[in-house]
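work.cif (mmCIF, C-alpha atoms)
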```cif
data_entry
#
loop_
_atom_site.label_atom_id
_atom_site.label_comp_id
_atom_site.auth_asym_id
_atom_site.auth_seq_id
_atom_site.Cartn_x
_atom_site.Cartn_y
_atom_site.Cartn_z
CA MET A 1 11.49 -14.87 14.80
CA LYS A 2 11.42 -14.98 18.57
CA ILE A 3 9.17 -17.46 20.37
CA LEU A 4 7.61 -14.40 22.03
CA THR A 5 6.48 -13.12 18.61
CA LEU A 6 4.24 -16.19 18.29
CA ASN A 7 2.27 -14.97 21.33
CA PHE A 8 0.90 -12.17 19.12
CA LEU A 9 0.29 -13.95 15.81
CA CYS A 10 -2.48 -16.16 14.46
CA CYS A 11 -3.67 -17.49 11.12
CA ALA A 12 -4.10 -14.71 8.54
CA ARG A 13 -7.27 -16.14 6.99
CA LYS A 14 -10.42 -14.22 7.86
CA THR A 15 -12.43 -17.40 8.30
CA CYS A 16 -9.98 -18.67 10.96
CA LYS A 17 -10.05 -15.56 13.18
CA SER A 18 -13.00 -16.70 15.28
CA SER A 19 -11.62 -20.22 15.78
CA PRO A 20 -9.57 -20.82 18.95
CA ALA A 21 -7.58 -23.39 16.93
CA SER A 22 -5.99 -20.61 14.83
CA PHE A 23 -3.75 -19.74 17.83
CA PRO A 24 -1.05 -20.59 18.58
CA LEU A 25 0.39 -21.47 15.20
CA HIS A 26 2.24 -24.79 15.26
CA PRO A 27 5.91 -24.79 14.25
CA LYS A 28 6.82 -27.43 11.70
CA GLU A 29 10.32 -28.59 10.81
CA ALA A 30 11.57 -25.56 12.66
CA SER A 31 15.26 -24.84 12.65
CA LEU A 32 16.02 -23.00 15.89
CA GLU A 33 18.83 -20.65 16.76
CA GLN A 34 19.86 -18.91 19.96
CA ILE A 35 20.43 -15.18 19.54
CA GLU A 36 22.06 -13.72 22.60
CA THR A 37 20.33 -10.55 23.83
CA ASP A 38 20.60 -8.35 26.90
CA ILE A 39 18.14 -9.06 29.70
CA ASN A 40 15.41 -6.44 30.15
CA ALA A 41 14.07 -7.61 33.54
CA LEU A 42 11.28 -5.05 33.62
CA PHE A 43 10.06 -6.28 30.25
CA ILE A 44 9.94 -9.92 31.36
CA LYS A 45 7.97 -8.89 34.45
CA ASN A 46 5.54 -6.68 32.49
CA ILE A 47 5.04 -9.04 29.54
CA LEU A 48 4.10 -12.00 31.79
CA PRO A 49 0.46 -10.89 32.19
CA ARG A 50 0.22 -10.67 28.40
CA LEU A 51 1.48 -14.18 27.69
CA ASP A 52 -0.98 -16.89 26.80
CA TRP A 53 0.69 -19.37 29.15
CA GLU A 54 -1.11 -22.43 27.72
CA ALA A 55 0.00 -21.44 24.22
CA MET A 56 3.58 -20.95 25.40
CA LYS A 57 3.54 -24.38 27.03
CA THR A 58 2.23 -25.95 23.81
CA LEU A 59 4.98 -24.25 21.82
CA THR A 60 7.79 -25.42 24.08
CA ILE A 61 6.52 -29.01 23.87
CA GLU A 62 6.17 -28.86 20.08
CA LEU A 63 9.65 -27.42 19.71
CA GLY A 64 11.18 -29.96 22.09
CA LEU A 65 12.34 -27.26 24.50
CA PRO A 66 12.52 -27.60 28.31
CA ALA A 67 8.97 -27.68 29.66
CA LEU A 68 7.49 -24.58 31.31
CA PRO A 69 5.95 -24.79 34.78
CA THR A 70 2.22 -25.53 34.94
CA GLU A 71 1.42 -22.01 36.13
CA PRO A 72 3.13 -18.72 35.17
CA PRO A 73 5.67 -17.61 37.80
CA SER A 74 4.65 -14.91 40.25
CA PRO A 75 6.38 -11.50 39.93
CA GLU A 76 8.25 -12.26 43.19
CA ALA A 77 9.80 -15.37 41.66
CA LEU A 78 11.54 -13.24 39.04
CA GLU A 79 14.13 -11.74 41.32
CA ASP A 80 16.51 -13.13 43.85
CA PRO A 81 15.03 -12.26 47.30
CA ASP A 82 18.46 -11.38 48.74
CA SER A 83 20.25 -9.52 45.94
CA GLY A 84 17.28 -8.27 43.87
CA GLU A 85 19.13 -9.57 40.82
CA PRO A 86 17.27 -11.51 38.08
CA SER A 87 16.40 -15.01 39.33
CA GLN A 88 17.07 -18.22 37.42
CA THR A 89 13.34 -18.30 36.57
CA LEU A 90 13.64 -14.92 34.86
CA LYS A 91 16.79 -15.94 33.05
CA ASP A 92 15.10 -19.11 31.78
CA LEU A 93 12.11 -17.11 30.54
CA HIS A 94 14.43 -14.62 28.87
CA GLN A 95 16.25 -17.42 27.11
CA LEU A 96 13.03 -19.04 25.92
CA LEU A 97 11.09 -15.94 24.86
CA MET A 98 13.82 -13.55 23.71
CA GLU A 99 16.74 -15.64 22.60
CA THR A 100 15.23 -18.79 21.11
CA SER A 101 14.28 -18.00 17.53
CA ILE A 102 12.86 -19.83 14.56
CA GLU A 103 15.31 -19.34 11.71
CA SER A 104 13.39 -21.34 9.14
CA GLY A 105 10.57 -23.83 8.83
CA ALA A 106 6.82 -23.35 8.75
CA LEU A 107 3.92 -22.34 10.99
CA ARG A 108 0.74 -24.36 10.64
CA CYS A 109 -2.77 -23.17 11.49
CA GLY A 110 -4.59 -25.71 13.70
CA ASN A 111 -7.90 -24.73 12.13
CA CYS A 112 -7.34 -24.73 8.36
CA ASP A 113 -3.97 -26.55 8.23
CA HIS A 114 -2.48 -23.86 6.02
CA GLU A 115 1.30 -23.57 6.43
CA TYR A 116 3.15 -20.27 6.48
CA ALA A 117 6.82 -20.45 5.54
CA VAL A 118 9.53 -18.94 7.75
CA LYS A 119 12.76 -17.96 5.97
CA GLU A 120 15.71 -16.15 7.47
CA GLY A 121 13.63 -15.53 10.58
CA ILE A 122 10.79 -13.84 8.70
CA ALA A 123 7.38 -15.50 8.50
CA ASN A 124 5.35 -15.01 5.34
CA PHE A 125 1.61 -14.56 5.97
CA LEU A 126 0.75 -13.38 2.46
CA LEU A 127 -2.05 -15.50 1.05
CA PRO A 128 -2.97 -16.19 -2.56
CA SER A 129 -6.09 -14.14 -3.38
CA HIS A 130 -8.42 -17.18 -3.42
CA MET A 131 -7.56 -17.91 0.23
CA VAL A 132 -7.95 -14.47 1.80
CA MET B 1 15.02 16.94 18.96
CA LEU B 2 15.42 13.19 19.22
CA PRO B 3 17.81 11.71 16.65
CA THR B 4 16.45 10.16 13.43
CA PRO B 5 17.51 6.49 13.06
CA SER B 6 20.10 5.74 10.40
CA THR B 7 18.93 4.02 7.22
CA SER B 8 22.28 4.23 5.43
CA HIS B 9 22.35 0.41 5.11
CA ALA B 10 19.08 0.40 3.10
CA SER B 11 18.72 0.17 -0.66
CA PHE B 12 15.96 2.47 -1.87
CA ASP B 13 15.65 0.75 -5.26
CA ASN B 14 12.74 -1.25 -3.87
CA ILE B 15 11.96 0.23 -0.43
CA TYR B 16 10.20 3.52 0.29
CA GLU B 17 12.81 6.10 1.23
CA PRO B 18 12.05 8.13 4.38
CA ALA B 19 10.44 11.39 3.30
CA GLU B 20 8.37 14.28 4.64
CA ASP B 21 5.55 11.93 5.67
CA SER B 22 7.92 9.70 7.68
CA TYR B 23 9.38 12.72 9.45
CA LEU B 24 5.93 14.08 10.25
CA LEU B 25 5.19 10.81 12.05
CA LEU B 26 8.44 11.09 14.03
CA ASP B 27 7.67 14.70 15.00
CA THR B 28 4.08 13.84 15.95
CA LEU B 29 4.94 10.83 18.10
CA SER B 30 7.64 12.75 19.97
CA SER B 31 5.59 15.93 20.38
CA LYS B 32 4.91 17.02 23.95
CA ALA B 33 1.17 16.53 23.49
CA GLU B 34 1.41 12.97 22.18
CA SER B 35 4.08 11.74 24.59
CA THR B 36 2.01 13.14 27.47
CA PHE B 37 -1.13 11.42 26.14
CA LEU B 38 0.64 8.09 25.59
CA THR B 39 2.52 8.13 28.89
CA GLN B 40 -0.75 8.66 30.76
CA ARG B 41 -2.53 6.00 28.73
CA PHE B 42 0.17 3.36 29.21
CA HIS B 43 0.66 3.69 32.92
CA PRO B 44 4.36 3.02 33.71
CA THR B 45 3.53 0.05 35.95
CA GLY B 46 1.05 -1.46 33.49
CA PRO B 47 1.73 -4.34 31.07
CA SER B 48 4.32 -3.75 28.34
CA PRO B 49 2.79 -2.03 25.32
CA LEU B 50 2.93 -3.73 21.89
CA ILE B 51 3.78 -1.27 19.12
CA LEU B 52 2.97 -2.34 15.55
CA GLU B 53 3.90 -0.50 12.39
CA VAL B 54 1.96 -1.54 9.30
CA GLY B 55 3.92 -0.97 6.09
CA VAL B 56 7.11 -0.64 8.08
CA GLY B 57 9.25 0.08 4.99
CA SER B 58 12.81 1.07 5.92
CA GLY B 59 11.82 0.84 9.59
CA VAL B 60 12.78 4.44 10.33
CA VAL B 61 9.55 5.25 12.19
CA LEU B 62 9.38 2.04 14.23
CA ALA B 63 13.09 2.26 15.10
CA PHE B 64 12.51 5.82 16.29
CA ALA B 65 9.54 4.74 18.43
CA ALA B 66 11.59 1.87 19.91
CA ALA B 67 14.75 3.85 20.58
CA ASN B 68 12.79 6.67 22.24
CA ALA B 69 10.16 4.48 23.91
CA LYS B 70 10.89 5.82 27.39
CA VAL B 71 10.22 9.40 26.26
CA ILE B 72 7.28 8.68 23.97
CA PHE B 73 5.41 5.97 25.89
CA GLY B 74 6.85 6.29 29.38
CA HIS B 75 7.97 2.65 29.03
CA SER B 76 11.41 1.23 28.30
CA ASP B 77 9.70 -2.16 28.18
CA VAL B 78 7.84 -1.92 24.87
CA ALA B 79 7.78 -4.64 22.21
CA VAL B 80 7.88 -3.57 18.57
CA LEU B 81 6.76 -5.51 15.50
CA GLY B 82 6.82 -4.51 11.83
CA VAL B 83 4.59 -5.75 9.03
CA ASP B 84 5.11 -5.24 5.32
CA VAL B 85 4.21 -6.90 2.02
CA ASN B 86 7.70 -6.16 0.73
CA PRO B 87 10.30 -8.81 1.69
CA PHE B 88 13.17 -6.34 1.24
CA ALA B 89 11.45 -3.91 3.60
CA ALA B 90 10.88 -6.57 6.27
CA LYS B 91 14.60 -7.47 6.30
CA THR B 92 15.79 -3.87 6.20
CA ALA B 93 13.43 -2.75 8.97
CA VAL B 94 14.82 -5.41 11.31
CA GLN B 95 18.34 -4.08 10.65
CA THR B 96 17.28 -0.44 11.10
CA ILE B 97 15.75 -1.24 14.49
CA ALA B 98 18.79 -3.27 15.61
CA ILE B 99 21.15 -0.41 14.69
CA ALA B 100 18.97 2.18 16.44
CA LEU B 101 18.92 0.12 19.66
CA LYS B 102 22.59 -0.90 19.56
CA ASP B 103 23.91 1.57 22.10
CA LEU B 104 20.91 1.66 24.45
CA LYS B 105 21.54 0.31 27.94
CA VAL B 106 17.99 -0.94 28.45
CA LYS B 107 16.73 -2.21 25.13
CA PRO B 108 13.08 -2.39 24.11
CA ILE B 109 12.16 -5.77 22.69
CA THR B 110 12.07 -6.23 18.96
CA LEU B 111 9.70 -8.92 17.77
CA GLY B 112 11.11 -8.66 14.26
CA ALA B 113 9.05 -8.29 11.13
CA VAL B 114 6.57 -10.46 9.26
CA LEU B 115 5.31 -10.40 5.70
CA ALA B 116 1.55 -9.92 5.76
CA ASP B 117 -1.35 -7.94 4.38
CA LEU B 118 -2.04 -5.14 6.91
CA THR B 119 -2.96 -6.64 10.32
CA SER B 120 -4.23 -10.00 9.00
CA SER B 121 -1.69 -12.08 10.97
CA LEU B 122 -2.19 -10.34 14.34
CA ARG B 123 -4.13 -11.87 17.19
CA PRO B 124 -7.23 -9.72 17.85
CA GLY B 125 -7.09 -7.18 20.67
CA GLU B 126 -3.32 -7.21 21.26
CA VAL B 127 -1.96 -4.06 19.56
CA ASP B 128 -1.55 -1.04 21.84
CA VAL B 129 -0.06 1.42 19.35
CA LEU B 130 -0.56 1.01 15.61
CA ILE B 131 1.35 3.28 13.24
CA PHE B 132 0.45 3.47 9.55
CA ASN B 133 1.98 5.61 6.83
CA PRO B 134 -0.25 4.31 4.04
CA PRO B 135 -0.04 4.38 0.28
CA TYR B 136 -2.13 7.59 0.19
CA VAL B 137 -1.60 9.02 -3.30
CA PRO B 138 -4.83 9.01 -5.36
CA THR B 139 -4.40 6.71 -8.38
CA GLU B 140 -6.43 4.47 -10.66
CA PRO B 141 -8.45 1.91 -8.66
CA LEU B 142 -6.15 -0.77 -7.22
CA SER B 143 -6.33 -4.14 -8.89
CA ALA B 144 -7.67 -6.81 -6.57
CA THR B 145 -5.54 -9.53 -8.09
CA SER B 146 -2.17 -7.78 -8.05
CA SER B 147 0.31 -10.25 -6.62
CA ILE B 148 3.19 -9.34 -4.37
CA PRO B 149 6.50 -9.77 -6.19
CA SER B 150 8.89 -12.26 -4.64
CA GLU B 151 12.59 -11.68 -4.06
CA ALA B 152 13.64 -14.47 -6.43
CA MET B 153 16.72 -13.92 -8.59
CA LEU B 154 15.71 -12.23 -11.79
CA ASP B 155 17.32 -10.76 -14.89
CA SER B 156 17.87 -7.01 -14.87
CA HIS B 157 14.67 -6.12 -16.72
CA ALA B 158 12.53 -8.29 -14.46
CA THR B 159 14.31 -6.84 -11.41
CA PHE B 160 13.45 -3.33 -12.56
CA GLU B 161 9.81 -4.34 -13.09
CA ARG B 162 9.67 -5.95 -9.67
CA ASP B 163 11.25 -2.99 -7.91
CA SER B 164 8.88 -0.56 -9.66
CA LYS B 165 5.94 -2.68 -8.52
CA LEU B 166 7.20 -2.74 -4.91
CA LEU B 167 7.64 1.04 -4.86
CA GLU B 168 4.20 1.51 -6.40
CA LEU B 169 2.70 -0.54 -3.55
CA SER B 170 4.25 1.94 -1.11
CA TYR B 171 2.44 4.99 -2.50
CA ALA B 172 -0.48 4.08 -4.83
CA GLY B 173 -3.69 4.49 -2.82
CA GLY B 174 -6.37 3.92 -5.47
CA VAL B 175 -9.62 5.90 -5.37
CA ASN B 176 -9.14 9.07 -3.24
CA GLY B 177 -5.89 7.46 -2.11
CA MET B 178 -8.01 5.67 0.50
CA GLU B 179 -8.46 2.09 -0.73
CA THR B 180 -5.76 0.55 1.48
CA THR B 181 -6.34 2.97 4.37
CA ASN B 182 -10.04 2.10 4.43
CA ARG B 183 -9.20 -1.58 4.70
CA LEU B 184 -6.86 -0.82 7.62
CA LEU B 185 -9.43 1.39 9.37
CA GLU B 186 -11.98 -1.45 9.18
CA GLN B 187 -9.52 -3.71 11.05
CA LEU B 188 -8.80 -1.26 13.91
CA PRO B 189 -11.70 -2.15 16.24
CA ASP B 190 -10.63 -5.82 16.13
CA VAL B 191 -6.87 -5.49 16.24
CA LEU B 192 -6.45 -2.71 18.82
CA SER B 193 -6.49 -3.51 22.54
CA GLU B 194 -8.92 -1.67 24.84
CA ARG B 195 -6.20 0.91 25.48
CA GLY B 196 -5.06 0.82 21.84
CA VAL B 197 -4.24 3.97 19.86
CA ALA B 198 -3.69 4.25 16.10
CA TYR B 199 -1.69 6.93 14.29
CA VAL B 200 -2.63 7.12 10.61
CA LEU B 201 -1.09 9.58 8.17
CA LEU B 202 -3.30 11.14 5.50
CA CYS B 203 -2.93 13.73 2.74
CA ALA B 204 -5.48 16.46 2.01
CA GLN B 205 -6.95 14.54 -0.95
CA ASN B 206 -7.85 11.69 1.40
CA LYS B 207 -10.40 14.15 2.93
CA PRO B 208 -9.25 13.78 6.55
CA GLU B 209 -12.29 15.65 7.93
CA ASP B 210 -14.61 13.08 6.32
CA VAL B 211 -12.43 10.23 7.62
CA LYS B 212 -12.61 11.57 11.17
CA ALA B 213 -16.38 12.09 10.97
CA SER B 214 -16.87 8.52 9.82
CA ILE B 215 -14.66 7.06 12.60
CA ARG B 216 -16.69 8.96 15.21
CA GLN B 217 -19.78 7.09 13.95
CA TRP B 218 -18.25 3.68 14.70
CA PRO B 219 -20.06 1.81 17.49
CA GLY B 220 -18.23 2.09 20.84
CA SER B 221 -17.40 5.81 21.29
CA TRP B 222 -14.38 6.06 19.01
CA LYS B 223 -12.47 9.31 18.77
CA ALA B 224 -10.38 10.76 15.97
CA GLU B 225 -8.33 13.96 16.06
CA THR B 226 -5.66 15.57 13.93
CA VAL B 227 -2.53 15.61 16.09
CA GLY B 228 0.12 16.60 13.55
CA SER B 229 0.28 18.36 10.18
CA SER B 230 2.72 19.75 7.67
CA GLY B 231 3.08 20.76 4.05
CA LYS B 232 1.78 23.51 1.86
CA THR B 233 -1.61 24.65 3.13
CA ALA B 234 -3.32 24.95 -0.26
CA SER B 235 -1.73 21.92 -1.86
CA TRP B 236 -3.00 18.35 -1.91
CA GLU B 237 0.37 17.35 -0.53
CA LYS B 238 -0.57 18.80 2.82
CA LEU B 239 -0.16 15.94 5.26
CA CYS B 240 -1.73 15.23 8.62
CA VAL B 241 -1.61 12.52 11.27
CA LEU B 242 -4.84 11.29 12.86
CA ARG B 243 -4.92 9.79 16.32
CA ILE B 244 -7.71 7.20 16.60
CA TRP B 245 -8.66 5.74 19.97
CA ARG B 246 -11.52 5.04 22.35
CA ASP B 247 -12.03 6.02 25.96
CA VAL B 248 -10.71 3.45 28.38
CA VAL B 249 -13.37 2.26 30.80
CA PRO B 250 -11.84 2.83 34.26
#
```
Give the structure from the file, written as structure tokens.
Amino acid sequence: MKILTLNFLCCARKTCKSSPASFPLHPKEASLEQIETDINALFIKNILPRLDWEAMKTLTIELGLPALPTEPPSPEALEDPDSGEPSQTLKDLHQLLMETSIESGALRCGNCDHEYAVKEGIANFLLPSHMV
Amino acid sequence: MLPTPSTSHASFDNIYEPAEDSYLLLDTLSSKAESTFLTQRFHPTGPSPLILEVGVGSGVVLAFAAANAKVIFGHSDVAVLGVDVNPFAAKTAVQTIAIALKDLKVKPITLGAVLADLTSSLRPGEVDVLIFNPPYVPTEPLSATSSIPSEAMLDSHATFERDSKLLELSYAGGVNGMETTNRLLEQLPDVLSERGVAYVLLCAQNKPEDVKASIRQWPGSWKAETVGSSGKTASWEKLCVLRIWRDVVP
């Protein structure tokens, strides 16, 4: 699963929904892979306002990836001012959000500590009935 | 007509095979009326829409929405995510989407698939388009304790039992065929964004008129309209697609 996917997921337990600690989920023993994908520059620009930047920063630290800047980049920083081509900033974001993927491991809720397994890139949020 | 994504790589021993209901969703989403509505709602310069299909199955509907995102949503920059309780479906859907996007120059973003019960794993208020082709066939009440079969290696009899159970989950809707749909409807106000829209397929025995009337009673000026239908008029098999949304405060 892409790092970007984690921007949209939280703990599946009802009792955790109202707790800020249920997002982002914390990767554990994550095995990462790089999956090369084409750059969609418009997407990077238009998804920026939807990213929880603090959560993304936490994730990169926890995964041992290059640190993100303190503040999200401005839209102007995403293209080269002379050529209009994607800037290095955009390419770095693309690589982090779109290409870096969790192949296996677990995702831990910061509120209830429950761990969701990730296998073959697919996270399993199904809960035993006593935990729903 | 926009092309239907290929599912020739899928095994339908344990995944719901695309059928009339799936195709009704494709036709509805790509209809002039719906693409006009969605394109206006998701202004082309606005943030990228997140499209979620619950019970993604083979992935044929979500792959169609992704591959034709520019026409349907007015955005080539959508992100699509699939959810299913069936591990075989989750894997297959990812493949179906990848194949459908293979030859596109500008590719929408696929967020993959997760195994989860309905929208339980989604952050509140993030989903812009939710698509649901539910288990809508009226059956005996659903058992609350039924566990989801795993994909572990099994002998042939156990495999058959498991596959039957997985297929049953894809159609058995319990009382009035509405048990699972009602649970999903309850989650909509939390999971949809302000501009969020849900497309939910129903059959005549689900009493779509009653469902719409009840949604319109929700607090917060919710709307529900039938935006697609097919099937034999007098038969319970008659299918329809509801659009569920609320007015965006300007």
Kindly determine which residues of chain A lie within 10 Å of chain B, considering only C-alpha atoms, and give the answer as a PyMOL selection string. chain A and resi 1-14+17-18+22-24+37-50+98+118+120-130+132
Residues near Asp113 in chain A, anyone? I mean within 10 Å using only C-alpha atoms, not counting same-chain ones fewer than 2 positions away, as a PDB file with C-alpha atoms, keeping the file's coordinate frame.
```
ATOM      1  CA  CYS A  11      -3.670 -17.490  11.120  1.00  0.00           C
ATOM      2  CA  ALA A  21      -7.580 -23.390  16.930  1.00  0.00           C
ATOM      3  CA  SER A  22      -5.990 -20.610  14.830  1.00  0.00           C
ATOM      4  CA  LEU A  25       0.390 -21.470  15.200  1.00  0.00           C
ATOM      5  CA  HIS A  26       2.240 -24.790  15.260  1.00  0.00           C
ATOM      6  CA  LEU A 107       3.920 -22.340  10.990  1.00  0.00           C
ATOM      7  CA  ARG A 108       0.740 -24.360  10.640  1.00  0.00           C
ATOM      8  CA  CYS A 109      -2.770 -23.170  11.490  1.00  0.00           C
ATOM      9  CA  GLY A 110      -4.590 -25.710  13.700  1.00  0.00           C
ATOM     10  CA  ASN A 111      -7.900 -24.730  12.130  1.00  0.00           C
ATOM     11  CA  GLU A 115       1.300 -23.570   6.430  1.00  0.00           C
ATOM     12  CA  TYR A 116       3.150 -20.270   6.480  1.00  0.00           C
TER      13      TYR A 116
END
```
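Listed by chain and then by number, the residues chosen by the PyMOL selection byres ((chain B and resi 40) around 12) in this file are Ala33, Glu34, Ser35, Thr36, Phe37, Leu38, Thr39, Arg41, Phe42, His43, Pro44, Thr45, Gly46, Val71, Ile72, Phe73, Gly74, His75, Arg195 and Val248 of chain B.
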Please identify all polymer residues within 8 Å of range 170-183 of chain B, counting only C-alpha atoms, omitting same-chain residues fewer than 2 positions from it, and present them as a ChimeraX atom specification. /B:15-16,55,134-142,166-168,185-187,205-206
Name every residue that the PyMOL selection byres ((chain B and resi 222) around 6) selects in this structure, writing the answer as a list of chain:residue names with chains first and numbers rising. B:Arg216, B:Gly220, B:Ser221, B:Lys223, B:Trp245, B:Arg246
Could you tell me which residues the PyMOL selection byres ((chain B and resi 2) around 12) grabs in this file, written as number ranges by chain? B: 1, 3-5, 23, 26-31, 63-72, 100
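Coordinates place CA of Glu79 in chain A at a distance of 25.7 Å from CA of Ile61 in chain A.
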Distance of CA of Thr96 in chain B from CA of Gly59 in chain B, expressed in Å to one decimal place: 5.8 Å
Å distance separating CA of Glu53 in chain B from CA of Leu192 in chain B, one decimal place: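 One can read the CA of Glu53 in chain B to CA of Leu192 in chain B distance as 12.4 Å.
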Under the rule that all atoms listed in the file are counted, which of A:Ile35, A:Leu90, A:Ala67, A:Pro20 is the nearest residue to Glu103 in chain A? A:Ile35
Rebuild range 8-19 of chain A so that it carries N, CA, C and O atoms, then output the result as a CSV table (one decimal), in the coordinates of the input.
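Generated output (selection-v6.csv):
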```csv
chain,number,residue,atom,x,y,z
A,8,PHE,N,1.7,-13.3,19.7
A,8,PHE,CA,0.9,-12.2,19.1
A,8,PHE,C,0.4,-12.5,17.7
A,8,PHE,O,-0.3,-11.6,17.1
A,9,LEU,N,0.7,-13.7,17.2
A,9,LEU,CA,0.3,-14.0,15.8
A,9,LEU,C,-0.7,-15.1,15.8
A,9,LEU,O,-0.8,-16.0,16.6
A,10,CYS,N,-1.6,-15.0,14.7
A,10,CYS,CA,-2.5,-16.2,14.5
A,10,CYS,C,-2.6,-16.3,13.0
A,10,CYS,O,-2.0,-15.6,12.2
A,11,CYS,N,-3.5,-17.3,12.5
A,11,CYS,CA,-3.7,-17.5,11.1
A,11,CYS,C,-4.2,-16.2,10.5
A,11,CYS,O,-5.0,-15.5,11.0
A,12,ALA,N,-3.7,-16.0,9.2
A,12,ALA,CA,-4.1,-14.7,8.5
A,12,ALA,C,-5.4,-14.8,7.8
A,12,ALA,O,-5.9,-13.8,7.3
A,13,ARG,N,-6.0,-16.0,7.7
A,13,ARG,CA,-7.3,-16.1,7.0
A,13,ARG,C,-8.4,-15.6,7.8
A,13,ARG,O,-8.6,-15.9,9.0
A,14,LYS,N,-9.3,-14.8,7.2
A,14,LYS,CA,-10.4,-14.2,7.9
A,14,LYS,C,-11.3,-15.3,8.5
A,14,LYS,O,-11.7,-15.1,9.7
A,15,THR,N,-11.5,-16.4,7.8
A,15,THR,CA,-12.4,-17.4,8.3
A,15,THR,C,-11.9,-18.1,9.5
A,15,THR,O,-12.6,-18.8,10.2
A,16,CYS,N,-10.6,-18.0,9.8
A,16,CYS,CA,-10.0,-18.7,11.0
A,16,CYS,C,-10.0,-17.8,12.2
A,16,CYS,O,-9.8,-18.3,13.3
A,17,LYS,N,-10.2,-16.5,12.1
A,17,LYS,CA,-10.0,-15.6,13.2
A,17,LYS,C,-10.9,-15.9,14.4
A,17,LYS,O,-10.4,-15.8,15.5
A,18,SER,N,-12.1,-16.4,14.1
A,18,SER,CA,-13.0,-16.7,15.3
A,18,SER,C,-12.7,-18.1,15.9
A,18,SER,O,-13.3,-18.4,16.9
A,19,SER,N,-11.9,-18.9,15.3
A,19,SER,CA,-11.6,-20.2,15.8
A,19,SER,C,-10.5,-20.2,16.8
A,19,SER,O,-9.4,-19.8,16.4
```
